$ cat protein_11.txt   # compact mmCIF, C-alpha atoms
# COMPACT_ATOMS: atom_id res chain seq x y z
CA MET A 1 -110.81 93.07 -109.53
CA LYS A 2 -114.57 92.77 -109.30
CA SER A 3 -116.39 89.49 -108.83
CA ASP A 4 -117.02 87.57 -112.05
CA SER A 5 -120.48 86.42 -110.89
CA ASN A 6 -122.04 89.43 -112.63
CA SER A 7 -119.37 90.64 -115.02
CA LEU A 8 -119.50 93.76 -117.17
CA ILE A 9 -116.92 93.83 -119.97
CA LEU A 10 -116.17 96.89 -122.06
CA ALA A 11 -114.89 95.62 -125.41
CA ILE A 12 -113.08 97.49 -128.18
CA ASP A 13 -112.25 96.51 -131.78
CA THR A 14 -110.31 98.65 -134.25
CA SER A 15 -108.78 95.86 -136.33
CA CYS A 16 -109.64 97.32 -139.74
CA ASP A 17 -111.94 100.17 -140.79
CA ASP A 18 -114.73 99.85 -138.20
CA THR A 19 -114.43 101.57 -134.84
CA SER A 20 -116.43 99.39 -132.46
CA ALA A 21 -117.21 99.31 -128.75
CA ALA A 22 -119.64 97.17 -126.76
CA VAL A 23 -120.64 96.39 -123.21
CA ILE A 24 -121.29 92.71 -122.46
CA ARG A 25 -122.86 91.31 -119.31
CA ASP A 26 -121.95 87.78 -118.19
CA GLY A 27 -120.44 86.94 -121.57
CA ARG A 28 -123.74 86.67 -123.43
CA SER A 29 -125.97 89.69 -122.89
CA VAL A 30 -125.15 92.54 -125.30
CA LEU A 31 -126.07 95.73 -123.47
CA SER A 32 -124.73 97.94 -126.26
CA SER A 33 -122.89 97.46 -129.53
CA ILE A 34 -121.69 100.51 -131.44
CA VAL A 35 -120.00 100.25 -134.83
CA TYR A 36 -118.79 103.35 -136.62
CA GLY A 37 -117.98 102.50 -140.24
CA GLN A 38 -115.67 104.39 -142.58
CA GLY A 39 -117.24 103.47 -145.90
CA GLU A 40 -117.62 107.09 -146.99
CA ILE A 41 -113.84 107.55 -146.70
CA HIS A 42 -112.59 104.36 -148.33
CA SER A 43 -115.18 104.26 -151.13
CA LEU A 44 -113.24 107.12 -152.70
CA TYR A 45 -110.28 104.78 -153.18
CA GLY A 46 -112.03 101.48 -153.86
CA GLY A 47 -110.62 99.85 -150.72
CA VAL A 48 -109.37 100.44 -147.21
CA VAL A 49 -106.49 102.92 -146.93
CA PRO A 50 -104.67 101.91 -143.70
CA GLU A 51 -103.34 105.37 -142.83
CA ALA A 52 -106.75 106.99 -143.33
CA ALA A 53 -108.40 104.22 -141.31
CA SER A 54 -106.07 104.61 -138.32
CA ARG A 55 -106.47 108.39 -138.32
CA ARG A 56 -110.24 108.05 -138.28
CA HIS A 57 -110.05 105.54 -135.43
CA THR A 58 -108.11 108.13 -133.45
CA GLU A 59 -110.93 110.61 -133.95
CA MET A 60 -113.80 108.19 -133.26
CA ILE A 61 -112.52 105.86 -130.51
CA TRP A 62 -113.62 107.99 -127.57
CA PRO A 63 -117.04 109.01 -128.98
CA THR A 64 -117.73 105.34 -129.81
CA VAL A 65 -116.72 104.06 -126.37
CA LYS A 66 -118.62 106.87 -124.67
CA LEU A 67 -121.79 106.03 -126.61
CA ALA A 68 -121.46 102.31 -125.80
CA LEU A 69 -121.24 103.13 -122.09
CA GLU A 70 -124.16 105.56 -122.27
CA GLN A 71 -126.45 103.18 -124.16
CA SER A 72 -125.73 100.41 -121.64
CA ASN A 73 -126.19 102.74 -118.67
CA THR A 74 -122.76 101.70 -117.44
CA GLU A 75 -120.28 103.73 -115.41
CA PHE A 76 -116.53 103.08 -115.38
CA SER A 77 -116.82 102.07 -111.73
CA GLN A 78 -119.16 99.22 -112.66
CA LEU A 79 -116.84 97.60 -115.20
CA SER A 80 -115.16 94.28 -114.44
CA ALA A 81 -112.53 94.41 -117.21
CA ILE A 82 -111.62 95.87 -120.60
CA ALA A 83 -111.22 93.55 -123.57
CA VAL A 84 -109.53 94.69 -126.77
CA CYS A 85 -108.78 93.12 -130.12
CA CYS A 86 -104.99 92.92 -130.40
CA GLY A 87 -104.68 91.18 -133.78
CA PRO A 88 -104.63 90.18 -136.50
CA GLY A 89 -105.46 93.30 -138.50
CA LEU A 90 -104.02 96.55 -139.80
CA ILE A 91 -101.27 97.44 -137.36
CA GLY A 92 -101.93 101.19 -137.29
CA CYS A 93 -105.60 100.56 -136.57
CA LEU A 94 -104.84 97.96 -133.89
CA ILE A 95 -102.45 100.36 -132.15
CA VAL A 96 -105.25 102.92 -131.71
CA GLY A 97 -107.57 100.44 -130.00
CA THR A 98 -104.98 98.73 -127.81
CA SER A 99 -103.39 102.01 -126.73
CA PHE A 100 -106.77 103.42 -125.76
CA ALA A 101 -107.72 100.22 -123.88
CA LYS A 102 -104.42 100.13 -122.01
CA ALA A 103 -104.77 103.76 -120.96
CA MET A 104 -108.31 103.14 -119.73
CA ALA A 105 -107.30 99.99 -117.87
CA TYR A 106 -104.41 101.78 -116.17
CA ALA A 107 -106.43 104.86 -115.24
CA SER A 108 -109.38 102.80 -113.94
CA ASN A 109 -107.30 100.01 -112.34
CA LEU A 110 -109.17 97.40 -114.39
CA PRO A 111 -107.93 94.09 -115.79
CA LEU A 112 -106.94 94.19 -119.46
CA ILE A 113 -107.68 91.26 -121.77
CA GLY A 114 -106.19 90.98 -125.25
CA VAL A 115 -108.43 89.02 -127.63
CA ASN A 116 -107.57 87.42 -130.94
CA HIS A 117 -109.85 88.78 -133.66
CA LEU A 118 -110.25 85.33 -135.23
CA GLU A 119 -111.42 83.79 -131.97
CA GLY A 120 -113.91 86.62 -131.72
CA HIS A 121 -115.35 85.67 -135.10
CA ILE A 122 -115.54 81.98 -134.26
CA CYS A 123 -117.37 82.71 -131.01
CA SER A 124 -119.64 85.44 -132.42
CA VAL A 125 -122.26 82.78 -133.08
CA PHE A 126 -122.51 82.22 -129.31
CA LEU A 127 -123.91 85.71 -128.84
CA THR A 128 -127.22 84.26 -130.01
CA HIS A 129 -126.74 80.47 -129.75
CA GLU A 130 -125.72 78.17 -126.92
CA PRO A 131 -122.07 77.08 -127.26
CA VAL A 132 -121.69 73.76 -129.08
CA PHE A 133 -118.46 71.76 -129.32
CA PRO A 134 -116.94 70.27 -131.32
CA HIS A 135 -117.87 72.04 -134.53
CA ILE A 136 -116.40 73.04 -137.86
CA SER A 137 -116.01 76.81 -138.08
CA LEU A 138 -115.58 78.84 -141.25
CA ILE A 139 -114.31 82.42 -141.03
CA VAL A 140 -114.97 84.09 -144.37
CA SER A 141 -114.26 87.80 -144.80
CA GLY A 142 -112.19 90.33 -146.70
CA GLY A 143 -109.03 89.21 -144.95
CA HIS A 144 -109.68 85.57 -144.11
CA THR A 145 -111.14 82.40 -145.54
CA SER A 146 -110.19 79.68 -143.06
CA LEU A 147 -111.63 76.47 -141.67
CA TYR A 148 -111.14 75.49 -138.03
CA LEU A 149 -111.93 72.43 -135.98
CA ALA A 150 -113.20 73.98 -132.75
CA ARG A 151 -112.96 71.47 -129.90
CA ALA A 152 -113.66 73.86 -127.01
CA MET A 153 -113.22 77.50 -126.06
CA GLY A 154 -109.58 78.27 -126.67
CA ALA A 155 -108.93 74.94 -128.45
CA TYR A 156 -108.87 75.39 -132.24
CA GLU A 157 -107.07 73.66 -135.08
CA GLU A 158 -106.74 75.25 -138.50
CA ILE A 159 -107.70 72.61 -141.08
CA GLY A 160 -107.98 74.81 -144.18
CA ARG A 161 -107.11 78.30 -145.38
CA THR A 162 -106.97 80.36 -148.56
CA ARG A 163 -103.76 80.08 -150.49
CA ASP A 164 -104.19 83.50 -152.09
CA ASP A 165 -107.17 85.88 -152.03
CA ALA A 166 -109.77 85.72 -149.28
CA ALA A 167 -113.33 85.37 -150.56
CA GLY A 168 -114.28 88.89 -149.46
CA GLU A 169 -111.23 90.31 -151.18
CA ALA A 170 -112.26 88.57 -154.40
CA TYR A 171 -115.75 90.05 -154.06
CA ASP A 172 -114.36 93.57 -153.72
CA LYS A 173 -111.94 93.16 -156.64
CA VAL A 174 -114.63 91.78 -158.94
CA ALA A 175 -116.93 94.61 -157.88
CA LYS A 176 -114.24 97.10 -158.88
CA MET A 177 -113.92 95.40 -162.29
CA LEU A 178 -117.66 95.92 -162.71
CA GLY A 179 -117.48 99.58 -161.72
CA LEU A 180 -119.38 99.05 -158.47
CA ASP A 181 -118.78 101.05 -155.29
CA TYR A 182 -116.86 99.86 -152.24
CA PRO A 183 -117.57 97.68 -150.34
CA GLY A 184 -118.52 95.50 -153.28
CA GLY A 185 -119.64 92.31 -151.56
CA PRO A 186 -123.14 93.49 -150.54
CA LEU A 187 -123.68 95.03 -153.99
CA ILE A 188 -122.75 91.82 -155.81
CA ASP A 189 -125.05 89.85 -153.48
CA LYS A 190 -127.91 92.23 -154.27
CA LEU A 191 -127.36 92.23 -158.06
CA ALA A 192 -126.93 88.45 -158.13
CA LYS A 193 -130.57 88.00 -157.11
CA ASN A 194 -131.63 89.28 -160.53
CA GLY A 195 -128.99 87.40 -162.51
CA ASN A 196 -128.56 83.94 -164.01
CA PRO A 197 -126.02 81.92 -161.96
CA LYS A 198 -125.48 79.63 -164.97
CA ALA A 199 -124.83 82.43 -167.45
CA VAL A 200 -121.05 81.93 -167.16
CA ASN A 201 -119.44 78.72 -165.93
CA PHE A 202 -116.69 80.25 -163.82
CA PRO A 203 -114.16 77.78 -162.32
CA ARG A 204 -114.44 76.22 -158.86
CA ALA A 205 -110.93 75.77 -157.48
CA LEU A 206 -111.54 72.80 -155.19
CA ILE A 207 -107.88 71.68 -154.87
CA LYS A 208 -108.41 67.97 -154.31
CA GLY A 209 -106.87 66.38 -151.23
CA THR A 210 -106.91 69.52 -149.11
CA LEU A 211 -109.41 71.79 -147.36
CA ASP A 212 -107.56 74.89 -148.57
CA PHE A 213 -109.25 77.51 -150.73
CA SER A 214 -108.11 79.53 -153.75
CA PHE A 215 -110.00 82.44 -155.32
CA SER A 216 -107.33 84.20 -157.41
CA GLY A 217 -108.05 82.06 -160.48
CA LEU A 218 -111.76 82.82 -160.23
CA LYS A 219 -111.01 86.53 -160.05
CA THR A 220 -108.77 86.28 -163.11
CA SER A 221 -111.43 84.29 -164.98
CA VAL A 222 -113.97 87.06 -164.36
CA ARG A 223 -111.48 89.64 -165.62
CA ASN A 224 -110.76 87.68 -168.81
CA HIS A 225 -114.44 87.13 -169.45
CA LEU A 226 -115.18 90.84 -169.14
CA LEU A 227 -112.40 91.66 -171.60
CA LEU A 228 -113.81 89.26 -174.20
CA ASN A 229 -117.54 89.76 -173.63
CA SER A 230 -118.82 93.30 -173.42
CA ASN A 231 -122.51 92.52 -173.84
CA ILE A 232 -123.18 90.28 -170.82
CA SER A 233 -125.26 91.84 -168.06
CA THR A 234 -123.71 92.89 -164.76
CA GLU A 235 -126.41 90.90 -162.93
CA ASP A 236 -125.43 87.68 -164.75
CA ILE A 237 -121.73 88.21 -163.99
CA CYS A 238 -122.54 88.81 -160.32
CA ALA A 239 -124.78 85.75 -160.10
CA SER A 240 -122.28 83.49 -161.87
CA PHE A 241 -119.34 84.72 -159.81
CA GLN A 242 -121.26 84.36 -156.55
CA ALA A 243 -122.40 80.85 -157.48
CA ALA A 244 -118.76 79.83 -157.98
CA VAL A 245 -117.73 81.24 -154.59
CA ILE A 246 -120.65 79.67 -152.74
CA ASP A 247 -120.25 76.27 -154.44
CA THR A 248 -116.59 76.20 -153.40
CA ILE A 249 -117.33 77.18 -149.79
CA ILE A 250 -120.18 74.66 -149.42
CA THR A 251 -118.11 71.85 -150.93
CA LYS A 252 -115.20 72.47 -148.56
CA LEU A 253 -117.49 72.69 -145.54
CA LEU A 254 -119.10 69.35 -146.40
CA TRP A 255 -115.69 67.76 -146.97
CA ALA A 256 -114.55 68.99 -143.55
CA ALA A 257 -117.71 67.68 -141.89
CA GLU A 258 -117.24 64.25 -143.48
CA ILE A 259 -113.51 64.01 -142.69
CA HIS A 260 -113.98 64.90 -139.03
CA GLY A 261 -117.37 63.25 -138.50
CA ILE A 262 -118.99 66.49 -137.30
CA ASN A 263 -122.37 67.77 -138.49
CA THR A 264 -122.39 71.12 -136.65
CA LEU A 265 -121.10 73.94 -138.84
CA THR A 266 -120.66 77.60 -137.91
CA ILE A 267 -119.86 80.50 -140.19
CA SER A 268 -118.71 84.02 -139.35
CA GLY A 269 -116.98 87.02 -140.88
CA GLY A 270 -118.27 89.72 -143.20
CA VAL A 271 -119.09 87.37 -146.09
CA ALA A 272 -121.25 85.34 -143.70
CA ALA A 273 -123.78 88.17 -144.08
CA ASN A 274 -124.13 87.27 -147.78
CA GLU A 275 -127.77 86.31 -148.33
CA GLY A 276 -127.02 83.84 -151.12
CA LEU A 277 -124.52 81.98 -148.94
CA ARG A 278 -126.85 81.95 -145.93
CA GLN A 279 -129.70 80.49 -147.95
CA ARG A 280 -127.50 77.74 -149.39
CA LEU A 281 -126.22 76.83 -145.94
CA LEU A 282 -129.71 76.61 -144.48
CA SER A 283 -130.73 74.27 -147.32
CA LEU A 284 -128.14 71.65 -146.37
CA LYS A 285 -129.63 68.37 -145.19
CA ASN A 286 -128.57 66.61 -141.97
CA MET A 287 -126.38 69.53 -140.95
CA ARG A 288 -126.75 71.84 -137.96
CA ILE A 289 -125.93 75.34 -139.19
CA LEU A 290 -125.22 78.13 -136.70
CA MET A 291 -124.79 81.69 -137.99
CA PRO A 292 -124.62 85.02 -136.21
CA PRO A 293 -127.18 87.67 -137.15
CA LYS A 294 -125.84 89.87 -139.92
CA GLU A 295 -124.83 92.68 -137.55
CA HIS A 296 -122.49 90.28 -135.75
CA CYS A 297 -120.92 88.88 -138.95
CA THR A 298 -118.87 91.94 -139.74
CA ASP A 299 -116.24 93.30 -137.33
CA ASN A 300 -117.79 94.20 -133.99
CA ALA A 301 -116.72 94.57 -130.37
CA ALA A 302 -119.52 92.39 -128.98
CA MET A 303 -117.72 89.22 -130.10
CA ILE A 304 -114.51 90.53 -128.53
CA GLY A 305 -116.40 91.06 -125.27
CA LEU A 306 -117.78 87.53 -125.30
CA VAL A 307 -114.30 86.01 -125.62
CA GLY A 308 -112.86 88.55 -123.19
CA ASP A 309 -115.42 87.54 -120.57
CA TYR A 310 -114.37 83.89 -120.92
CA TYR A 311 -110.68 84.65 -120.34
CA PHE A 312 -111.52 87.06 -117.54
CA ARG A 313 -113.29 84.25 -115.72
CA GLN A 314 -110.27 82.01 -116.31
CA GLY A 315 -108.01 84.65 -114.77
CA ALA A 316 -106.13 84.98 -118.04
CA VAL A 317 -105.56 88.73 -118.14
CA SER A 318 -102.96 90.65 -120.12
CA ALA A 319 -100.17 92.91 -118.90
CA LEU A 320 -100.15 96.60 -119.71
CA THR A 321 -97.21 95.82 -122.00
CA LEU A 322 -99.74 94.22 -124.37
CA ASN A 323 -98.73 94.91 -127.97
CA PRO A 324 -100.89 94.37 -131.05
CA LYS A 325 -99.73 92.12 -133.89
CA ALA A 326 -100.76 92.47 -137.52
CA CYS A 327 -100.18 88.75 -138.09
CA LEU A 328 -101.49 86.65 -135.22
CA PRO A 329 -102.37 82.95 -135.57
CA LEU A 330 -105.46 81.82 -133.72
CA THR A 331 -103.36 79.56 -131.51
CA ALA A 332 -101.16 82.48 -130.36
CA ASN A 333 -101.85 85.32 -127.95
CA CYS A 334 -100.88 88.96 -128.14
CA GLY A 335 -98.24 88.71 -125.44
$ encode --input "protein_11.txt" --output "structure tokens"
Amino acid sequence: MKSDSNSLILAIDTSCDDTSAAVIRDGRSVLSSIVYGQGEIHSLYGGVVPEAASRRHTEMIWPTVKLALEQSNTEFSQLSAIAVCCGPGLIGCLIVGTSFAKAMAYASNLPLIGVNHLEGHICSVFLTHEPVFPHISLIVSGGHTSLYLARAMGAYEEIGRTRDDAAGEAYDKVAKMLGLDYPGGPLIDKLAKNGNPKAVNFPRALIKGTLDFSFSGLKTSVRNHLLLNSNISTEDICASFQAAVIDTIITKLLWAAEIHGINTLTISGGVAANEGLRQRLLSLKNMRILMPPKEHCTDNAAMIGLVGDYYFRQGAVSALTLNPKACLPLTANCG
């Protein structure tokens, strides 16, 4: 094992439909970050097809890792460890990344570090900001809409979660109702800029007395409105739907900040790249808002490398028997 005084971590993430590899120096410096998306495949079906995604990962994992090493001018012999996302995610996709990482670690005699995808998202903000604890962290994506009280690295408490659809999932389903391509979130965000957010008063499911979220009713409300009103513009539907999502997210974040007496808020996940949401967050008064740049909001290996570097320095490495898990709470490890 090489000294951790000048660490070089090769990180891999294949949790969903992005094949990603990155090389991270000393836990903060991103020497390379390669993300190969599969949008052209899954747009044909209006959503991610797990079998197709895992097959494409198999084809692209080595070219992606090779390019990350080349762009960072890094040789295998210089690496300190290999970090890999081991869950949660699509199990077939996770198997591709973890199997590849284990083979590389074995062949190169390097430490292997399994990283929880959710912890990667929480810490992605620290790729560009100094770590701040405690803070309230929101992960909002196609698979997750959860609130965490982050006390320190590795110390997180879930204080709210979606009871049904994740926000990103609702975006994609509403986009499909409107006949938009996949992924629908960025398209709705773009169209919403030219729409009236007050055109339709869609419901805000705030669920009093809890920090949990619910977006299934909002999705159904959009569907019913479209069935009964054929003359309303797509832009107005997008703007009204997005306003309902953002209002709900902002309200819950402010509730969490008040309950826990914390004014530092972080947001991550694919929906954190939404321009409407980012602008609303930055307009909040007396709140410190930390957000990753848009390229670090969606799934990426750089955030996995940051967390992997932390555990490498703690000596918390994984065995080569590491197995991925489709369902993996943030407080659990991959084993």
$ atom_distance --input "protein_11.txt" --atom1 "atom CA of Lys252 of chain A" --atom2 "atom CA of Leu211 of chain A"
6.0 Å
$ closest_residue --input "protein_11.txt" --among "A:Thr264, A:Thr58, A:Ser80, A:Asn73" --to "Asn6 of chain A" --atoms "only C-alpha atoms"
A:Ser80
$ closest_residue --input "protein_11.txt" --among "A:Gly47, A:Ser15, A:Leu127, A:Gly217" --to "Val115 of chain A" --atoms "only C-alpha atoms"
A:Ser15
$ atom_distance --input "protein_11.txt" --atom1 "atom CA of Leu228 of chain A" --atom2 "atom CA of Asp181 of chain A"
22.8 Å
$ closest_residue --input "protein_11.txt" --among "A:Ala107, A:Ile237, A:Ile24, A:Leu31" --to "Ala11 of chain A" --atoms "only C-alpha atoms"
A:Ile24
$ residues_around --input "protein_11.txt" --residues "Leu149 of chain A" --least-positions-apart "4" --cutoff "9 Å" --atoms "all atoms listed in the file" --output "list in words"
Pro134, His135, Ile136, Ser137, Ala155, Tyr156, Glu157, Glu158, Ile159, Ala256 and His260 of chain A
$ residues_around --input "protein_11.txt" --residues "Thr162 of chain A" --least-positions-apart "4" --cutoff "6 Å" --atoms "all atoms listed in the file" --output "list in words"
Thr145, Asp212, Phe213 and Ser214 of chain A
$ closest_residue --input "protein_11.txt" --among "A:Lys193, A:Gly154, A:Asp13, A:Val48" --to "Gln314 of chain A" --atoms "all atoms listed in the file"
A:Gly154
$ residues_around --input "protein_11.txt" --residues "Lys325 of chain A" --least-positions-apart "2" --cutoff "10 Å" --atoms "only C-alpha atoms" --output "list in words"
Cys85, Cys86, Gly87, Pro88, Gly89, Leu90, Ile91, Gly92, Leu94, Ile95, Asn116, Leu322, Asn323, Cys327, Leu328, Pro329, Asn333, Cys334 and Gly335 of chain A
$ residues_near_point --input "protein_11.txt" --point "(-108.5, 101.9, -123.8)" --cutoff "10 Å" --atoms "all atoms listed in the file" --output "VMD selection string"
chain A and resid 10 to 12 61 to 62 65 82 to 84 96 to 108 112
$ atom_distance --input "protein_11.txt" --atom1 "atom CA of Ile246 of chain A" --atom2 "atom CA of Leu265 of chain A"
15.0 Å
$ closest_residue --input "protein_11.txt" --among "A:Leu227, A:Leu306, A:Cys238, A:Ala244" --to "Asp172 of chain A" --atoms "all atoms listed in the file"
A:Cys238
$ closest_residue --input "protein_11.txt" --among "A:Leu277, A:Met287, A:Leu226, A:Met60" --to "Ile249 of chain A" --atoms "all atoms listed in the file"
A:Leu277
$ decode --input "protein_11.txt" --residues "segment 265-291 of chain A" --atoms "N, CA and C atoms" --output "PDB file, in the first residue's frame"
ATOM      1  N   LEU A 265     -27.074  24.369   3.970  1.00  0.00           N
ATOM      2  CA  LEU A 265     -27.821  23.384   3.204  1.00  0.00           C
ATOM      3  C   LEU A 265     -27.005  22.978   1.982  1.00  0.00           C
ATOM      4  N   THR A 266     -26.956  21.681   1.709  1.00  0.00           N
ATOM      5  CA  THR A 266     -26.312  21.201   0.487  1.00  0.00           C
ATOM      6  C   THR A 266     -27.324  20.413  -0.327  1.00  0.00           C
ATOM      7  N   ILE A 267     -27.132  20.407  -1.622  1.00  0.00           N
ATOM      8  CA  ILE A 267     -28.042  19.682  -2.509  1.00  0.00           C
ATOM      9  C   ILE A 267     -27.219  18.973  -3.570  1.00  0.00           C
ATOM     10  N   SER A 268     -27.604  17.757  -3.896  1.00  0.00           N
ATOM     11  CA  SER A 268     -26.875  16.961  -4.880  1.00  0.00           C
ATOM     12  C   SER A 268     -27.840  16.027  -5.581  1.00  0.00           C
ATOM     13  N   GLY A 269     -27.341  15.305  -6.576  1.00  0.00           N
ATOM     14  CA  GLY A 269     -28.190  14.432  -7.373  1.00  0.00           C
ATOM     15  C   GLY A 269     -28.553  15.109  -8.687  1.00  0.00           C
ATOM     16  N   GLY A 270     -29.054  14.334  -9.624  1.00  0.00           N
ATOM     17  CA  GLY A 270     -29.323  14.839 -10.963  1.00  0.00           C
ATOM     18  C   GLY A 270     -30.242  16.042 -11.015  1.00  0.00           C
ATOM     19  N   VAL A 271     -31.285  16.069 -10.168  1.00  0.00           N
ATOM     20  CA  VAL A 271     -32.233  17.183 -10.179  1.00  0.00           C
ATOM     21  C   VAL A 271     -31.597  18.455  -9.608  1.00  0.00           C
ATOM     22  N   ALA A 272     -30.480  18.310  -8.902  1.00  0.00           N
ATOM     23  CA  ALA A 272     -29.767  19.482  -8.392  1.00  0.00           C
ATOM     24  C   ALA A 272     -29.179  20.323  -9.521  1.00  0.00           C
ATOM     25  N   ALA A 273     -29.146  19.766 -10.738  1.00  0.00           N
ATOM     26  CA  ALA A 273     -28.690  20.526 -11.904  1.00  0.00           C
ATOM     27  C   ALA A 273     -29.807  21.383 -12.491  1.00  0.00           C
ATOM     28  N   ASN A 274     -31.032  21.230 -11.970  1.00  0.00           N
ATOM     29  CA  ASN A 274     -32.179  21.977 -12.468  1.00  0.00           C
ATOM     30  C   ASN A 274     -31.979  23.470 -12.206  1.00  0.00           C
ATOM     31  N   GLU A 275     -32.018  24.270 -13.256  1.00  0.00           N
ATOM     32  CA  GLU A 275     -31.718  25.697 -13.135  1.00  0.00           C
ATOM     33  C   GLU A 275     -32.760  26.425 -12.287  1.00  0.00           C
ATOM     34  N   GLY A 276     -34.025  26.062 -12.447  1.00  0.00           N
ATOM     35  CA  GLY A 276     -35.066  26.693 -11.642  1.00  0.00           C
ATOM     36  C   GLY A 276     -34.865  26.454 -10.164  1.00  0.00           C
ATOM     37  N   LEU A 277     -34.516  25.223  -9.791  1.00  0.00           N
ATOM     38  CA  LEU A 277     -34.270  24.888  -8.389  1.00  0.00           C
ATOM     39  C   LEU A 277     -33.035  25.610  -7.863  1.00  0.00           C
ATOM     40  N   ARG A 278     -31.983  25.660  -8.646  1.00  0.00           N
ATOM     41  CA  ARG A 278     -30.750  26.319  -8.205  1.00  0.00           C
ATOM     42  C   ARG A 278     -30.980  27.810  -7.953  1.00  0.00           C
ATOM     43  N   GLN A 279     -31.738  28.446  -8.819  1.00  0.00           N
ATOM     44  CA  GLN A 279     -32.007  29.868  -8.638  1.00  0.00           C
ATOM     45  C   GLN A 279     -32.827  30.133  -7.385  1.00  0.00           C
ATOM     46  N   ARG A 280     -33.827  29.279  -7.130  1.00  0.00           N
ATOM     47  CA  ARG A 280     -34.639  29.449  -5.926  1.00  0.00           C
ATOM     48  C   ARG A 280     -33.801  29.266  -4.673  1.00  0.00           C
ATOM     49  N   LEU A 281     -32.930  28.281  -4.674  1.00  0.00           N
ATOM     50  CA  LEU A 281     -32.075  28.032  -3.519  1.00  0.00           C
ATOM     51  C   LEU A 281     -31.167  29.219  -3.238  1.00  0.00           C
ATOM     52  N   LEU A 282     -30.575  29.769  -4.285  1.00  0.00           N
ATOM     53  CA  LEU A 282     -29.651  30.887  -4.110  1.00  0.00           C
ATOM     54  C   LEU A 282     -30.360  32.165  -3.662  1.00  0.00           C
ATOM     55  N   SER A 283     -31.689  32.205  -3.811  1.00  0.00           N
ATOM     56  CA  SER A 283     -32.444  33.388  -3.384  1.00  0.00           C
ATOM     57  C   SER A 283     -32.841  33.340  -1.913  1.00  0.00           C
ATOM     58  N   LEU A 284     -32.587  32.208  -1.248  1.00  0.00           N
ATOM     59  CA  LEU A 284     -32.971  32.077   0.157  1.00  0.00           C
ATOM     60  C   LEU A 284     -32.141  33.011   1.029  1.00  0.00           C
ATOM     61  N   LYS A 285     -32.784  33.646   1.969  1.00  0.00           N
ATOM     62  CA  LYS A 285     -32.116  34.587   2.865  1.00  0.00           C
ATOM     63  C   LYS A 285     -31.603  33.855   4.106  1.00  0.00           C
ATOM     64  N   ASN A 286     -30.466  34.297   4.594  1.00  0.00           N
ATOM     65  CA  ASN A 286     -29.874  33.779   5.845  1.00  0.00           C
ATOM     66  C   ASN A 286     -29.572  32.287   5.789  1.00  0.00           C
ATOM     67  N   MET A 287     -29.349  31.768   4.603  1.00  0.00           N
ATOM     68  CA  MET A 287     -29.007  30.368   4.434  1.00  0.00           C
ATOM     69  C   MET A 287     -27.708  30.258   3.634  1.00  0.00           C
ATOM     70  N   ARG A 288     -26.849  29.345   4.040  1.00  0.00           N
ATOM     71  CA  ARG A 288     -25.640  29.069   3.282  1.00  0.00           C
ATOM     72  C   ARG A 288     -25.925  27.876   2.386  1.00  0.00           C
ATOM     73  N   ILE A 289     -25.915  28.101   1.092  1.00  0.00           N
ATOM     74  CA  ILE A 289     -26.273  27.067   0.125  1.00  0.00           C
ATOM     75  C   ILE A 289     -25.018  26.596  -0.600  1.00  0.00           C
ATOM     76  N   LEU A 290     -24.750  25.296  -0.535  1.00  0.00           N
ATOM     77  CA  LEU A 290     -23.609  24.709  -1.226  1.00  0.00           C
ATOM     78  C   LEU A 290     -24.132  23.709  -2.248  1.00  0.00           C
ATOM     79  N   MET A 291     -23.731  23.912  -3.518  1.00  0.00           N
ATOM     80  CA  MET A 291     -24.161  23.025  -4.593  1.00  0.00           C
ATOM     81  C   MET A 291     -22.958  22.633  -5.439  1.00  0.00           C
TER      82      MET A 291
END
